[in-house]
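Visitor: If you scroll down you'll find the structure; I have some questions about it.
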Amino acid sequence: MTHHHDIEDYAMIGDLHTAALIGIDGSLDWLCLPRFDGAACFASLLGNVDNGRWLLAPDGPARDVRRRYRNDTLILETEYRTADGVVAVIDFMPFGRSSERSDVVRLVEGRAGRVAMRTEIVLRFDHGHVVPWVRHSENGLSAIAGPDALALRTPVRLRGKDFRTNGRFSVAEGERVPFALTWYRSHIEEPQPIDTDRELEKTQEWWGKWASQCTYDGPWREAVVRSLITLKALTYAPTGGIVAAPTTSLPELIGGARNWDYRYCWIRDASFTLYALLISGYHDEARAWREWLLRAVAGTPSQLQPLYGVAGERRLTEYEIPWLSGYANSRPVRVGNEASIQCQLDIFGEMMDAFHIARKHEVDPIDEAWQLQRVLLDYLESRWDEPDLGIWEMRGSKRQFTHSKVMAWVAMDRAVKAVRRFGLDGPVDHWRALLDQIHMDVCRQGFDAERNSFVQYYGGTALDGALLMMALVGFLPADDPRIVGTVEAIRNELVADGFVRRYETGDDNDGLAGGEGVFLPCSFWLADNLALMGRDEQAKRLFERLLAIRSPVGLLAEEYDSSAQRLIGNYPQAFSHIALINTAYNLSSSRGPSRQRSQN
C-alpha cells in the first residue's frame, strides 16, 4: 500500500544524534539510525507501509486535528478531536543519550471523554529492506536484525500478525499511556527502560533554556527561534557537524528524478551558518561548527570536498535503492551523494569567509586554521581560472561559472583582510594583485552588456540565482548598475509567483532531465538584495510571503512548487532556515549579515 502525505504535513523530532518525521495522521514514517546518514529503520516516507512505519492515532475519524510544537521546544503535540472526546499524542526524543542508543517517546494523553486508539508498527531496517526477528513480551517487544536492535516498551497489549504489530486501547480524560522505542546496537544488552514523564520534563526544560539564549528581538522572533531550533536539531552533537536535511530523495519535483541524499554536511553552508548562529547568540554552536569544518577539510587541498559525513567522512558513494518506490513514486531513491567528488571551486571562498567571520566575532582563534587557509590559498591561486561544476552541483559539463569566480575573489579578499585587520602573516600585496585580477576577469567575462546583467557562466546568456550573492559577499555594491541590472533580470526571468528559481533546468544545461520548484534560499537572497538597495517594503513583502509557505509547525523544505502550492525537496532544510534567520536580521537591523558580509 502506497503511503505519503504532503511534505508540509510532517513534523520533525530529534535528539542531536538523529531525527524522525511524523505525519499529521500520527504515523512515524522516517527514522534514521544514529549519525543521520546511517540506514533508516522507518522508511514508508519513500515507499509504502511495508517499508516500515509506526502509526499511533485515534481508532476512527477525527473531526479536527491540531498540531504544534510546545512553546520553544522540539516536543511535538498533536491533538485529535473525535466524536467521543479529545486526545493528544506527545512525541519527542530525549537528550543525554550516547551514540549507542536513541529513544523515541510517544505519550497518549486523554483530555476529554474517552477515545479509542490504535497502533500499528511495521519494523524494518536498512531503508525498509530488512525484516527483523521480532519477539513479544509482557512489556512490549524487541526486534533484531544484523547490527541493529529495537525495544518497544508500553503497557498496551500488542499482537503480531503478517510481519506487523498491532494494539488497541482507550484513554480517558486525565490518563496518559506511554510508548518508548529504543534503538541500540544488537551485540549489547538491551538498555534499561526510561521514565517517560521525567524525560518529557527534562526535554522541555532543556529546549526552553537553549531557545532563551536567542538574542533576536525583532518582529519575526517566532520564525527565527523556530529556525534556530531546527538548525540545532540538525546538528550531530558529538562532532558539531550540521546536516543539510535529515532525509534523502524527497523530490525537487513530484515524480521527477532530481532526488538527492542530503544527510551530510555541506562546506558552502559554512559562512551562512556561522552568521546565523553568531548573530543569534549561539557562540558554542558556532565554535563547534568551525572546529568540525577545520577537522573535515584538513589534508591535501586537491582533496577538498564540497560535502562530508557528520564526523568528516569522505567516502559518500552514491547508489540507488530499487526496493523503495520513492516519495509519491519519485524515483530513484538514492543513498550517498556523487557531488562529494565534484570539483566546486566556490567552496574555497566559503571556507575563507567562514574563518573570517569567526575572527570578526572573536570566536577563539585556532593557529592551525590560518596555516590551513594559507595552503588552500596557494592551491586556489593555481586553479581559480579552471572550469568546475558550480554551486548547484551540475551533472553535466564543467563550465566557467561566474559565481565560482566570485567566490575565488572572496577567498583572496578575506585573505587580504586577515593580514590587514588581524595581523596574520601572508603575502598581502600578491593576494591584492590576484584579487584585482579575478575581479576584472569576472566583470569582463561574466557580464553581458547587452542584457545589462551578469550571467551564469562565461560566454553564456543564461541567468543564475547564485548571482544574487555578488552584492551580499561584497563583490560589488548593491547600488552598482550592474548589480541592479542583474537583480532586475533575475526578477524578470527566474521568478515564478514571486519566488526565485535557481536557473533554467534541462539536459542541455545541467545534465538532468525534468524541472524543479523555486529555490527558497535564493528567494531569501532576493529579499536581502532589495533591502541593501533600500527597497525595504518590497523586501519585507517577499519575506512575509516566504514565511507564509512554512509548514503548519514552521518548517521549510529546500524548494516550493508554486503551481501546486506545496513544499518539495528534502525537509526540513537547514539552508532554507539559515537563510530565513539571516534575512530576518537583514530586515530588522542595519547590522544584518548581508551588510556585515558585504562590508567585511
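By convention in this document, the chains of the C-alpha cells carry letters A, B, ... by their order, each chain's residues are numbered from 1, and ligands are numbered from 1 in the order they are shown.
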Write out as a PDB file with all heavy atoms, in the first residue's frame the residues lying within 12 Å of Thr196 in chain A, counting only C-alpha atoms and excluding same-chain residues fewer than 2 positions away.

Guide:
ATOM      1  N   ILE A  90       1.874  13.123  22.259  1.00  0.00           N
ATOM      2  CA  ILE A  90       3.049  13.963  22.513  1.00  0.00           C
ATOM      3  C   ILE A  90       4.291  13.172  22.096  1.00  0.00           C
ATOM      4  O   ILE A  90       4.564  12.101  22.652  1.00  0.00           O
ATOM      5  CB  ILE A  90       3.129  14.366  23.997  1.00  0.00           C
ATOM      6  CG1 ILE A  90       1.856  15.115  24.401  1.00  0.00           C
ATOM      7  CG2 ILE A  90       4.369  15.207  24.267  1.00  0.00           C
ATOM      8  CD1 ILE A  90       1.656  15.215  25.896  1.00  0.00           C
ATOM      9  N   ASP A  91       5.017  13.688  21.086  1.00  0.00           N
ATOM     10  CA  ASP A  91       6.173  12.995  20.520  1.00  0.00           C
ATOM     11  C   ASP A  91       7.447  13.773  20.782  1.00  0.00           C
ATOM     12  O   ASP A  91       7.498  14.990  20.546  1.00  0.00           O
ATOM     13  CB  ASP A  91       6.001  12.838  19.003  1.00  0.00           C
ATOM     14  CG  ASP A  91       4.862  11.910  18.626  1.00  0.00           C
ATOM     15  OD1 ASP A  91       4.847  10.766  19.105  1.00  0.00           O
ATOM     16  OD2 ASP A  91       3.988  12.337  17.834  1.00  0.00           O
ATOM     17  N   PHE A  92       8.497  13.070  21.227  1.00  0.00           N
ATOM     18  CA  PHE A  92       9.792  13.721  21.413  1.00  0.00           C
ATOM     19  C   PHE A  92      10.881  12.669  21.493  1.00  0.00           C
ATOM     20  O   PHE A  92      10.614  11.467  21.625  1.00  0.00           O
ATOM     21  CB  PHE A  92       9.795  14.600  22.676  1.00  0.00           C
ATOM     22  CG  PHE A  92       9.708  13.834  23.970  1.00  0.00           C
ATOM     23  CD1 PHE A  92      10.857  13.568  24.723  1.00  0.00           C
ATOM     24  CD2 PHE A  92       8.485  13.383  24.460  1.00  0.00           C
ATOM     25  CE1 PHE A  92      10.786  12.869  25.928  1.00  0.00           C
ATOM     26  CE2 PHE A  92       8.401  12.684  25.658  1.00  0.00           C
ATOM     27  CZ  PHE A  92       9.547  12.423  26.395  1.00  0.00           C
ATOM     28  N   MET A  93      12.116  13.136  21.410  1.00  0.00           N
ATOM     29  CA  MET A  93      13.289  12.282  21.603  1.00  0.00           C
ATOM     30  C   MET A  93      14.106  12.863  22.750  1.00  0.00           C
ATOM     31  O   MET A  93      14.537  14.012  22.679  1.00  0.00           O
ATOM     32  CB  MET A  93      14.119  12.200  20.320  1.00  0.00           C
ATOM     33  CG  MET A  93      13.374  11.547  19.164  1.00  0.00           C
ATOM     34  SD  MET A  93      14.347  11.394  17.641  1.00  0.00           S
ATOM     35  CE  MET A  93      15.443  10.053  18.083  1.00  0.00           C
ATOM     36  N   PRO A  94      14.311  12.099  23.824  1.00  0.00           N
ATOM     37  CA  PRO A  94      15.057  12.608  24.981  1.00  0.00           C
ATOM     38  C   PRO A  94      16.524  12.847  24.657  1.00  0.00           C
ATOM     39  O   PRO A  94      17.089  12.241  23.745  1.00  0.00           O
ATOM     40  CB  PRO A  94      14.922  11.486  26.012  1.00  0.00           C
ATOM     41  CG  PRO A  94      13.813  10.616  25.531  1.00  0.00           C
ATOM     42  CD  PRO A  94      13.813  10.741  24.042  1.00  0.00           C
ATOM     43  N   PHE A  95      17.142  13.724  25.449  1.00  0.00           N
ATOM     44  CA  PHE A  95      18.569  14.019  25.328  1.00  0.00           C
ATOM     45  C   PHE A  95      19.381  13.160  26.284  1.00  0.00           C
ATOM     46  O   PHE A  95      18.864  12.332  27.012  1.00  0.00           O
ATOM     47  CB  PHE A  95      18.838  15.492  25.627  1.00  0.00           C
ATOM     48  CG  PHE A  95      18.310  16.401  24.574  1.00  0.00           C
ATOM     49  CD1 PHE A  95      17.266  17.262  24.845  1.00  0.00           C
ATOM     50  CD2 PHE A  95      18.841  16.395  23.306  1.00  0.00           C
ATOM     51  CE1 PHE A  95      16.769  18.098  23.878  1.00  0.00           C
ATOM     52  CE2 PHE A  95      18.358  17.227  22.324  1.00  0.00           C
ATOM     53  CZ  PHE A  95      17.316  18.078  22.609  1.00  0.00           C
ATOM     54  N   ASP A 103      16.175   7.149  21.672  1.00  0.00           N
ATOM     55  CA  ASP A 103      14.824   6.836  22.116  1.00  0.00           C
ATOM     56  C   ASP A 103      13.808   7.742  21.435  1.00  0.00           C
ATOM     57  O   ASP A 103      14.052   8.943  21.271  1.00  0.00           O
ATOM     58  CB  ASP A 103      14.706   7.032  23.632  1.00  0.00           C
ATOM     59  CG  ASP A 103      15.633   6.117  24.408  1.00  0.00           C
ATOM     60  OD1 ASP A 103      15.268   4.951  24.604  1.00  0.00           O
ATOM     61  OD2 ASP A 103      16.729   6.569  24.813  1.00  0.00           O
ATOM     62  N   VAL A 104      12.684   7.166  21.063  1.00  0.00           N
ATOM     63  CA  VAL A 104      11.521   7.914  20.623  1.00  0.00           C
ATOM     64  C   VAL A 104      10.410   7.662  21.632  1.00  0.00           C
ATOM     65  O   VAL A 104      10.048   6.507  21.874  1.00  0.00           O
ATOM     66  CB  VAL A 104      11.046   7.490  19.220  1.00  0.00           C
ATOM     67  CG1 VAL A 104       9.763   8.234  18.851  1.00  0.00           C
ATOM     68  CG2 VAL A 104      12.126   7.751  18.186  1.00  0.00           C
ATOM     69  N   VAL A 105       9.902   8.729  22.234  1.00  0.00           N
ATOM     70  CA  VAL A 105       8.826   8.605  23.223  1.00  0.00           C
ATOM     71  C   VAL A 105       7.549   9.173  22.610  1.00  0.00           C
ATOM     72  O   VAL A 105       7.544  10.272  22.049  1.00  0.00           O
ATOM     73  CB  VAL A 105       9.175   9.356  24.523  1.00  0.00           C
ATOM     74  CG1 VAL A 105       7.996   9.311  25.493  1.00  0.00           C
ATOM     75  CG2 VAL A 105      10.424   8.749  25.161  1.00  0.00           C
ATOM     76  N   ARG A 106       6.472   8.392  22.750  1.00  0.00           N
ATOM     77  CA  ARG A 106       5.155   8.830  22.268  1.00  0.00           C
ATOM     78  C   ARG A 106       4.171   8.630  23.420  1.00  0.00           C
ATOM     79  O   ARG A 106       3.937   7.502  23.866  1.00  0.00           O
ATOM     80  CB  ARG A 106       4.719   8.051  21.024  1.00  0.00           C
ATOM     81  CG  ARG A 106       5.804   7.965  19.955  1.00  0.00           C
ATOM     82  CD  ARG A 106       5.272   7.458  18.623  1.00  0.00           C
ATOM     83  NE  ARG A 106       4.456   8.485  17.974  1.00  0.00           N
ATOM     84  CZ  ARG A 106       3.825   8.301  16.813  1.00  0.00           C
ATOM     85  NH1 ARG A 106       3.890   7.122  16.200  1.00  0.00           N
ATOM     86  NH2 ARG A 106       3.116   9.283  16.284  1.00  0.00           N
ATOM     87  N   LEU A 107       3.610   9.723  23.926  1.00  0.00           N
ATOM     88  CA  LEU A 107       2.695   9.698  25.062  1.00  0.00           C
ATOM     89  C   LEU A 107       1.284  10.012  24.576  1.00  0.00           C
ATOM     90  O   LEU A 107       1.066  11.035  23.918  1.00  0.00           O
ATOM     91  CB  LEU A 107       3.119  10.718  26.115  1.00  0.00           C
ATOM     92  CG  LEU A 107       4.550  10.590  26.665  1.00  0.00           C
ATOM     93  CD1 LEU A 107       4.847  11.733  27.617  1.00  0.00           C
ATOM     94  CD2 LEU A 107       4.730   9.246  27.359  1.00  0.00           C
ATOM     95  N   VAL A 108       0.349   9.141  24.900  1.00  0.00           N
ATOM     96  CA  VAL A 108      -1.056   9.369  24.540  1.00  0.00           C
ATOM     97  C   VAL A 108      -1.768   9.919  25.771  1.00  0.00           C
ATOM     98  O   VAL A 108      -1.824   9.255  26.818  1.00  0.00           O
ATOM     99  CB  VAL A 108      -1.722   8.071  24.059  1.00  0.00           C
ATOM    100  CG1 VAL A 108      -3.164   8.337  23.650  1.00  0.00           C
ATOM    101  CG2 VAL A 108      -0.938   7.464  22.898  1.00  0.00           C
ATOM    102  N   ARG A 153       8.622  -0.457  24.566  1.00  0.00           N
ATOM    103  CA  ARG A 153       8.045  -0.723  25.885  1.00  0.00           C
ATOM    104  C   ARG A 153       6.766   0.092  26.054  1.00  0.00           C
ATOM    105  O   ARG A 153       6.761   1.311  25.835  1.00  0.00           O
ATOM    106  CB  ARG A 153       9.048  -0.380  26.975  1.00  0.00           C
ATOM    107  CG  ARG A 153      10.336  -1.214  26.889  1.00  0.00           C
ATOM    108  CD  ARG A 153      11.277  -0.886  28.023  1.00  0.00           C
ATOM    109  NE  ARG A 153      12.476  -1.727  27.988  1.00  0.00           N
ATOM    110  CZ  ARG A 153      13.637  -1.362  27.477  1.00  0.00           C
ATOM    111  NH1 ARG A 153      13.752  -0.174  26.925  1.00  0.00           N
ATOM    112  NH2 ARG A 153      14.669  -2.183  27.508  1.00  0.00           N
ATOM    113  N   THR A 154       5.712  -0.600  26.441  1.00  0.00           N
ATOM    114  CA  THR A 154       4.405   0.038  26.636  1.00  0.00           C
ATOM    115  C   THR A 154       3.512  -0.895  27.448  1.00  0.00           C
ATOM    116  O   THR A 154       3.658  -2.125  27.360  1.00  0.00           O
ATOM    117  CB  THR A 154       3.736   0.341  25.281  1.00  0.00           C
ATOM    118  OG1 THR A 154       2.466   0.945  25.508  1.00  0.00           O
ATOM    119  CG2 THR A 154       3.555  -0.903  24.434  1.00  0.00           C
ATOM    120  N   ARG A 176      -2.661   8.940  30.918  1.00  0.00           N
ATOM    121  CA  ARG A 176      -1.542   9.031  29.980  1.00  0.00           C
ATOM    122  C   ARG A 176      -0.974   7.639  29.759  1.00  0.00           C
ATOM    123  O   ARG A 176      -0.629   6.947  30.714  1.00  0.00           O
ATOM    124  CB  ARG A 176      -0.471   9.975  30.513  1.00  0.00           C
ATOM    125  CG  ARG A 176       0.694  10.181  29.550  1.00  0.00           C
ATOM    126  CD  ARG A 176       1.753  11.099  30.128  1.00  0.00           C
ATOM    127  NE  ARG A 176       1.437  12.518  29.942  1.00  0.00           N
ATOM    128  CZ  ARG A 176       2.187  13.501  30.417  1.00  0.00           C
ATOM    129  NH1 ARG A 176       3.271  13.229  31.124  1.00  0.00           N
ATOM    130  NH2 ARG A 176       1.846  14.757  30.196  1.00  0.00           N
ATOM    131  N   VAL A 177      -0.881   7.229  28.495  1.00  0.00           N
ATOM    132  CA  VAL A 177      -0.374   5.902  28.136  1.00  0.00           C
ATOM    133  C   VAL A 177       0.952   6.081  27.395  1.00  0.00           C
ATOM    134  O   VAL A 177       0.985   6.725  26.338  1.00  0.00           O
ATOM    135  CB  VAL A 177      -1.377   5.138  27.251  1.00  0.00           C
ATOM    136  CG1 VAL A 177      -0.806   3.780  26.857  1.00  0.00           C
ATOM    137  CG2 VAL A 177      -2.707   4.988  27.975  1.00  0.00           C
ATOM    138  N   PRO A 178       2.040   5.520  27.914  1.00  0.00           N
ATOM    139  CA  PRO A 178       3.353   5.751  27.292  1.00  0.00           C
ATOM    140  C   PRO A 178       3.761   4.657  26.303  1.00  0.00           C
ATOM    141  O   PRO A 178       3.421   3.475  26.464  1.00  0.00           O
ATOM    142  CB  PRO A 178       4.295   5.735  28.499  1.00  0.00           C
ATOM    143  CG  PRO A 178       3.657   4.758  29.442  1.00  0.00           C
ATOM    144  CD  PRO A 178       2.163   4.878  29.232  1.00  0.00           C
ATOM    145  N   PHE A 179       4.513   5.065  25.289  1.00  0.00           N
ATOM    146  CA  PHE A 179       5.227   4.177  24.381  1.00  0.00           C
ATOM    147  C   PHE A 179       6.651   4.706  24.295  1.00  0.00           C
ATOM    148  O   PHE A 179       6.858   5.905  24.082  1.00  0.00           O
ATOM    149  CB  PHE A 179       4.620   4.198  22.972  1.00  0.00           C
ATOM    150  CG  PHE A 179       3.245   3.596  22.864  1.00  0.00           C
ATOM    151  CD1 PHE A 179       2.133   4.317  23.269  1.00  0.00           C
ATOM    152  CD2 PHE A 179       3.066   2.319  22.341  1.00  0.00           C
ATOM    153  CE1 PHE A 179       0.863   3.775  23.156  1.00  0.00           C
ATOM    154  CE2 PHE A 179       1.808   1.770  22.223  1.00  0.00           C
ATOM    155  CZ  PHE A 179       0.691   2.493  22.627  1.00  0.00           C
ATOM    156  N   ALA A 180       7.630   3.829  24.439  1.00  0.00           N
ATOM    157  CA  ALA A 180       9.036   4.235  24.332  1.00  0.00           C
ATOM    158  C   ALA A 180       9.774   3.233  23.459  1.00  0.00           C
ATOM    159  O   ALA A 180       9.862   2.049  23.795  1.00  0.00           O
ATOM    160  CB  ALA A 180       9.687   4.321  25.704  1.00  0.00           C
ATOM    161  N   LEU A 181      10.288   3.711  22.333  1.00  0.00           N
ATOM    162  CA  LEU A 181      11.036   2.880  21.394  1.00  0.00           C
ATOM    163  C   LEU A 181      12.510   3.220  21.518  1.00  0.00           C
ATOM    164  O   LEU A 181      12.894   4.389  21.422  1.00  0.00           O
ATOM    165  CB  LEU A 181      10.557   3.146  19.971  1.00  0.00           C
ATOM    166  CG  LEU A 181      11.220   2.317  18.873  1.00  0.00           C
ATOM    167  CD1 LEU A 181      10.722   0.877  18.899  1.00  0.00           C
ATOM    168  CD2 LEU A 181      10.955   2.940  17.496  1.00  0.00           C
ATOM    169  N   THR A 182      13.335   2.217  21.726  1.00  0.00           N
ATOM    170  CA  THR A 182      14.781   2.419  21.898  1.00  0.00           C
ATOM    171  C   THR A 182      15.541   1.666  20.829  1.00  0.00           C
ATOM    172  O   THR A 182      15.362   0.449  20.667  1.00  0.00           O
ATOM    173  CB  THR A 182      15.245   1.938  23.285  1.00  0.00           C
ATOM    174  OG1 THR A 182      14.507   2.620  24.299  1.00  0.00           O
ATOM    175  CG2 THR A 182      16.736   2.192  23.481  1.00  0.00           C
ATOM    176  N   PRO A 193      14.756   0.584  30.720  1.00  0.00           N
ATOM    177  CA  PRO A 193      13.654   1.492  30.356  1.00  0.00           C
ATOM    178  C   PRO A 193      13.904   2.891  30.911  1.00  0.00           C
ATOM    179  O   PRO A 193      14.661   3.083  31.860  1.00  0.00           O
ATOM    180  CB  PRO A 193      12.429   0.847  31.016  1.00  0.00           C
ATOM    181  CG  PRO A 193      12.822  -0.545  31.334  1.00  0.00           C
ATOM    182  CD  PRO A 193      14.301  -0.532  31.566  1.00  0.00           C
ATOM    183  N   ILE A 194      13.244   3.873  30.300  1.00  0.00           N
ATOM    184  CA  ILE A 194      13.352   5.237  30.776  1.00  0.00           C
ATOM    185  C   ILE A 194      12.052   5.650  31.453  1.00  0.00           C
ATOM    186  O   ILE A 194      10.991   5.062  31.220  1.00  0.00           O
ATOM    187  CB  ILE A 194      13.677   6.210  29.626  1.00  0.00           C
ATOM    188  CG1 ILE A 194      12.581   6.175  28.557  1.00  0.00           C
ATOM    189  CG2 ILE A 194      15.029   5.906  29.021  1.00  0.00           C
ATOM    190  CD1 ILE A 194      12.764   7.216  27.472  1.00  0.00           C
ATOM    191  N   ARG A 198       9.445  11.838  33.279  1.00  0.00           N
ATOM    192  CA  ARG A 198      10.618  12.607  33.694  1.00  0.00           C
ATOM    193  C   ARG A 198      11.403  13.092  32.478  1.00  0.00           C
ATOM    194  O   ARG A 198      11.874  14.239  32.444  1.00  0.00           O
ATOM    195  CB  ARG A 198      11.512  11.735  34.591  1.00  0.00           C
ATOM    196  CG  ARG A 198      12.833  12.382  34.997  1.00  0.00           C
ATOM    197  CD  ARG A 198      12.619  13.618  35.831  1.00  0.00           C
ATOM    198  NE  ARG A 198      13.887  14.271  36.157  1.00  0.00           N
ATOM    199  CZ  ARG A 198      14.065  15.580  36.179  1.00  0.00           C
ATOM    200  NH1 ARG A 198      13.062  16.400  35.880  1.00  0.00           N
ATOM    201  NH2 ARG A 198      15.234  16.086  36.482  1.00  0.00           N
ATOM    202  N   GLU A 199      11.528  12.238  31.461  1.00  0.00           N
ATOM    203  CA  GLU A 199      12.257  12.633  30.256  1.00  0.00           C
ATOM    204  C   GLU A 199      11.529  13.765  29.523  1.00  0.00           C
ATOM    205  O   GLU A 199      12.174  14.653  28.962  1.00  0.00           O
ATOM    206  CB  GLU A 199      12.452  11.435  29.322  1.00  0.00           C
ATOM    207  CG  GLU A 199      13.394  10.374  29.864  1.00  0.00           C
ATOM    208  CD  GLU A 199      14.814  10.877  30.046  1.00  0.00           C
ATOM    209  OE1 GLU A 199      15.200  11.860  29.387  1.00  0.00           O
ATOM    210  OE2 GLU A 199      15.553  10.293  30.868  1.00  0.00           O
ATOM    211  N   LEU A 200      10.205  13.751  29.556  1.00  0.00           N
ATOM    212  CA  LEU A 200       9.441  14.842  28.941  1.00  0.00           C
ATOM    213  C   LEU A 200       9.754  16.158  29.640  1.00  0.00           C
ATOM    214  O   LEU A 200      10.001  17.187  28.990  1.00  0.00           O
ATOM    215  CB  LEU A 200       7.944  14.544  29.018  1.00  0.00           C
ATOM    216  CG  LEU A 200       7.013  15.660  28.521  1.00  0.00           C
ATOM    217  CD1 LEU A 200       7.228  15.940  27.040  1.00  0.00           C
ATOM    218  CD2 LEU A 200       5.559  15.297  28.799  1.00  0.00           C
ATOM    219  N   GLU A 201       9.766  16.122  30.953  1.00  0.00           N
ATOM    220  CA  GLU A 201      10.057  17.330  31.734  1.00  0.00           C
ATOM    221  C   GLU A 201      11.467  17.833  31.458  1.00  0.00           C
ATOM    222  O   GLU A 201      11.681  19.035  31.238  1.00  0.00           O
ATOM    223  CB  GLU A 201       9.892  16.992  33.223  1.00  0.00           C
ATOM    224  CG  GLU A 201      10.097  18.146  34.161  1.00  0.00           C
ATOM    225  CD  GLU A 201       9.953  17.716  35.630  1.00  0.00           C
ATOM    226  OE1 GLU A 201       9.077  16.873  35.916  1.00  0.00           O
ATOM    227  OE2 GLU A 201      10.733  18.207  36.466  1.00  0.00           O
ATOM    228  N   LYS A 202      12.442  16.926  31.426  1.00  0.00           N
ATOM    229  CA  LYS A 202      13.833  17.313  31.175  1.00  0.00           C
ATOM    230  C   LYS A 202      14.018  17.864  29.763  1.00  0.00           C
ATOM    231  O   LYS A 202      14.725  18.856  29.561  1.00  0.00           O
ATOM    232  CB  LYS A 202      14.750  16.102  31.380  1.00  0.00           C
ATOM    233  CG  LYS A 202      14.978  15.727  32.826  1.00  0.00           C
ATOM    234  CD  LYS A 202      15.607  14.353  32.977  1.00  0.00           C
ATOM    235  CE  LYS A 202      16.925  14.228  32.232  1.00  0.00           C
ATOM    236  NZ  LYS A 202      17.523  12.875  32.397  1.00  0.00           N
ATOM    237  N   THR A 203      13.369  17.244  28.789  1.00  0.00           N
ATOM    238  CA  THR A 203      13.498  17.683  27.401  1.00  0.00           C
ATOM    239  C   THR A 203      12.895  19.072  27.210  1.00  0.00           C
ATOM    240  O   THR A 203      13.472  19.935  26.535  1.00  0.00           O
ATOM    241  CB  THR A 203      12.835  16.670  26.456  1.00  0.00           C
ATOM    242  OG1 THR A 203      13.442  15.380  26.644  1.00  0.00           O
ATOM    243  CG2 THR A 203      12.984  17.089  25.000  1.00  0.00           C
TER     244      THR A 203
END

Visitor: Residues within 9 Å of Ile24 in chain A, please, as a VMD selection string. Count only C-alpha atoms; anything in the same chain fewer than 3 positions from it doesn't count.

Guide: chain A and resid 5 9 to 11 27 65 to 67 78

Visitor: Let's have the selection written as a short mmCIF file (atom, residue, chain, number, x, y, z; two decimals), in the first residue's frame, with all heavy atoms.

Guide:
data_model
loop_
_atom_site.label_atom_id
_atom_site.label_comp_id
_atom_site.auth_asym_id
_atom_site.auth_seq_id
_atom_site.Cartn_x
_atom_site.Cartn_y
_atom_site.Cartn_z
N HIS A 5 2.13 11.69 2.76
CA HIS A 5 1.44 12.96 2.99
C HIS A 5 2.14 14.03 2.18
O HIS A 5 3.24 13.83 1.67
CB HIS A 5 1.52 13.34 4.47
CG HIS A 5 1.01 12.29 5.41
ND1 HIS A 5 -0.32 11.97 5.53
CD2 HIS A 5 1.67 11.49 6.28
CE1 HIS A 5 -0.47 11.03 6.44
NE2 HIS A 5 0.72 10.70 6.90
N ASP A 9 3.01 18.31 5.80
CA ASP A 9 2.22 17.63 6.82
C ASP A 9 3.09 16.84 7.79
O ASP A 9 2.57 16.15 8.67
CB ASP A 9 1.20 16.70 6.17
CG ASP A 9 0.04 17.47 5.55
OD1 ASP A 9 -0.20 18.61 5.97
OD2 ASP A 9 -0.61 16.93 4.63
N TYR A 10 4.40 16.92 7.61
CA TYR A 10 5.33 16.24 8.52
C TYR A 10 5.94 17.25 9.50
O TYR A 10 6.14 18.41 9.18
CB TYR A 10 6.45 15.55 7.74
CG TYR A 10 6.02 14.26 7.08
CD1 TYR A 10 5.70 14.23 5.73
CD2 TYR A 10 5.92 13.08 7.82
CE1 TYR A 10 5.29 13.06 5.12
CE2 TYR A 10 5.52 11.90 7.21
CZ TYR A 10 5.20 11.89 5.87
OH TYR A 10 4.79 10.72 5.27
N ALA A 11 6.23 16.74 10.68
CA ALA A 11 6.98 17.49 11.69
C ALA A 11 8.19 16.66 12.09
O ALA A 11 8.16 15.43 11.99
CB ALA A 11 6.12 17.81 12.90
N SER A 27 1.54 8.97 12.01
CA SER A 27 2.40 7.91 11.51
C SER A 27 3.85 8.39 11.47
O SER A 27 4.17 9.36 10.78
CB SER A 27 1.95 7.48 10.11
OG SER A 27 2.75 6.42 9.64
N VAL A 65 -7.88 18.12 13.72
CA VAL A 65 -6.51 17.79 14.14
C VAL A 65 -5.73 19.08 14.27
O VAL A 65 -5.68 19.89 13.33
CB VAL A 65 -5.82 16.86 13.12
CG1 VAL A 65 -4.41 16.51 13.62
CG2 VAL A 65 -6.63 15.61 12.88
N ARG A 66 -5.16 19.29 15.46
CA ARG A 66 -4.35 20.49 15.69
C ARG A 66 -2.95 20.07 16.10
O ARG A 66 -2.77 19.17 16.91
CB ARG A 66 -4.99 21.35 16.78
CG ARG A 66 -6.37 21.85 16.40
CD ARG A 66 -7.00 22.69 17.48
NE ARG A 66 -8.35 23.09 17.14
CZ ARG A 66 -9.11 23.85 17.91
NH1 ARG A 66 -8.64 24.30 19.06
NH2 ARG A 66 -10.34 24.16 17.51
N ARG A 67 -1.98 20.80 15.53
CA ARG A 67 -0.59 20.41 15.72
C ARG A 67 0.26 21.59 16.09
O ARG A 67 0.11 22.67 15.52
CB ARG A 67 -0.07 19.86 14.40
CG ARG A 67 0.38 18.44 14.54
CD ARG A 67 0.82 17.97 13.21
NE ARG A 67 1.57 16.77 13.45
CZ ARG A 67 2.44 16.25 12.63
NH1 ARG A 67 2.69 16.85 11.51
NH2 ARG A 67 3.06 15.16 12.94
N THR A 78 0.18 16.69 19.00
CA THR A 78 -0.90 16.57 18.02
C THR A 78 -2.19 16.25 18.76
O THR A 78 -2.28 15.22 19.43
CB THR A 78 -0.60 15.47 16.99
OG1 THR A 78 0.70 15.68 16.43
CG2 THR A 78 -1.64 15.46 15.88
#

Visitor: Find the residues near Ile366 in chain A: any atom within 10 Å, counting only C-alpha atoms, skip ones fewer than 6 places away on the same chain, and give them as a list of chain:residue names.

Guide: A:Arg290, A:Glu291, A:Leu294, A:Phe355, A:Arg359

Visitor: I want to know what sits within 8 Å of Leu16 in chain A, based on only C-alpha atoms, with residues of the same chain fewer than 4 positions away left out; could you give that as a ChimeraX atom specification?

Guide: /A:95,232-237

Visitor: Any idea what's packed within 10 Å of His439 in chain A, counting only C-alpha atoms, ignoring anything in its chain fewer than 3 positions away? Could you give it as a list of chain:residue names?

Guide: A:Lys405, A:Val406, A:Ala408, A:Trp409, A:Val410, A:Ala433, A:Leu434, A:Leu435, A:Asp436, A:Val442, A:Cys443, A:Arg444, A:Phe475, A:Leu476

Visitor: Please return, as number ranges by chain, all residues of range 185-402 of chain A that DSSP assigns to alpha helix (DSSP H) on the basis of the backbone.

Guide: A: 196-211, 221-233, 270-278, 283-297, 346-360, 367-381, 402

Visitor: By how many Å are CA of Arg118 in chain A and CA of Val131 in chain A apart?

Guide: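 These two atoms are separated by 22.2 Å.
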
Visitor: Please provide as a PyMOL selection string all residues within 7 Å of Asn570 in chain A, with the sequence filter that same-chain residues fewer than 4 positions apart are discarded (counting only C-alpha atoms).

Guide: chain A and resi 245+247-250+262+557-558

Visitor: Would you pick out the contacts of Ala564 in chain A at 12 Å or less, using only C-alpha atoms, so that residues sharing its chain but fewer than 2 positions from it are not included, and give the list as a list in words?

Guide: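 Result of the neighbour search: Asp6, Leu253, Ile254, Asp497, Gly517, Val518, Ile549, Tyr560, Asp561, Ser562, Arg566, Leu567 and Ile568 of chain A.
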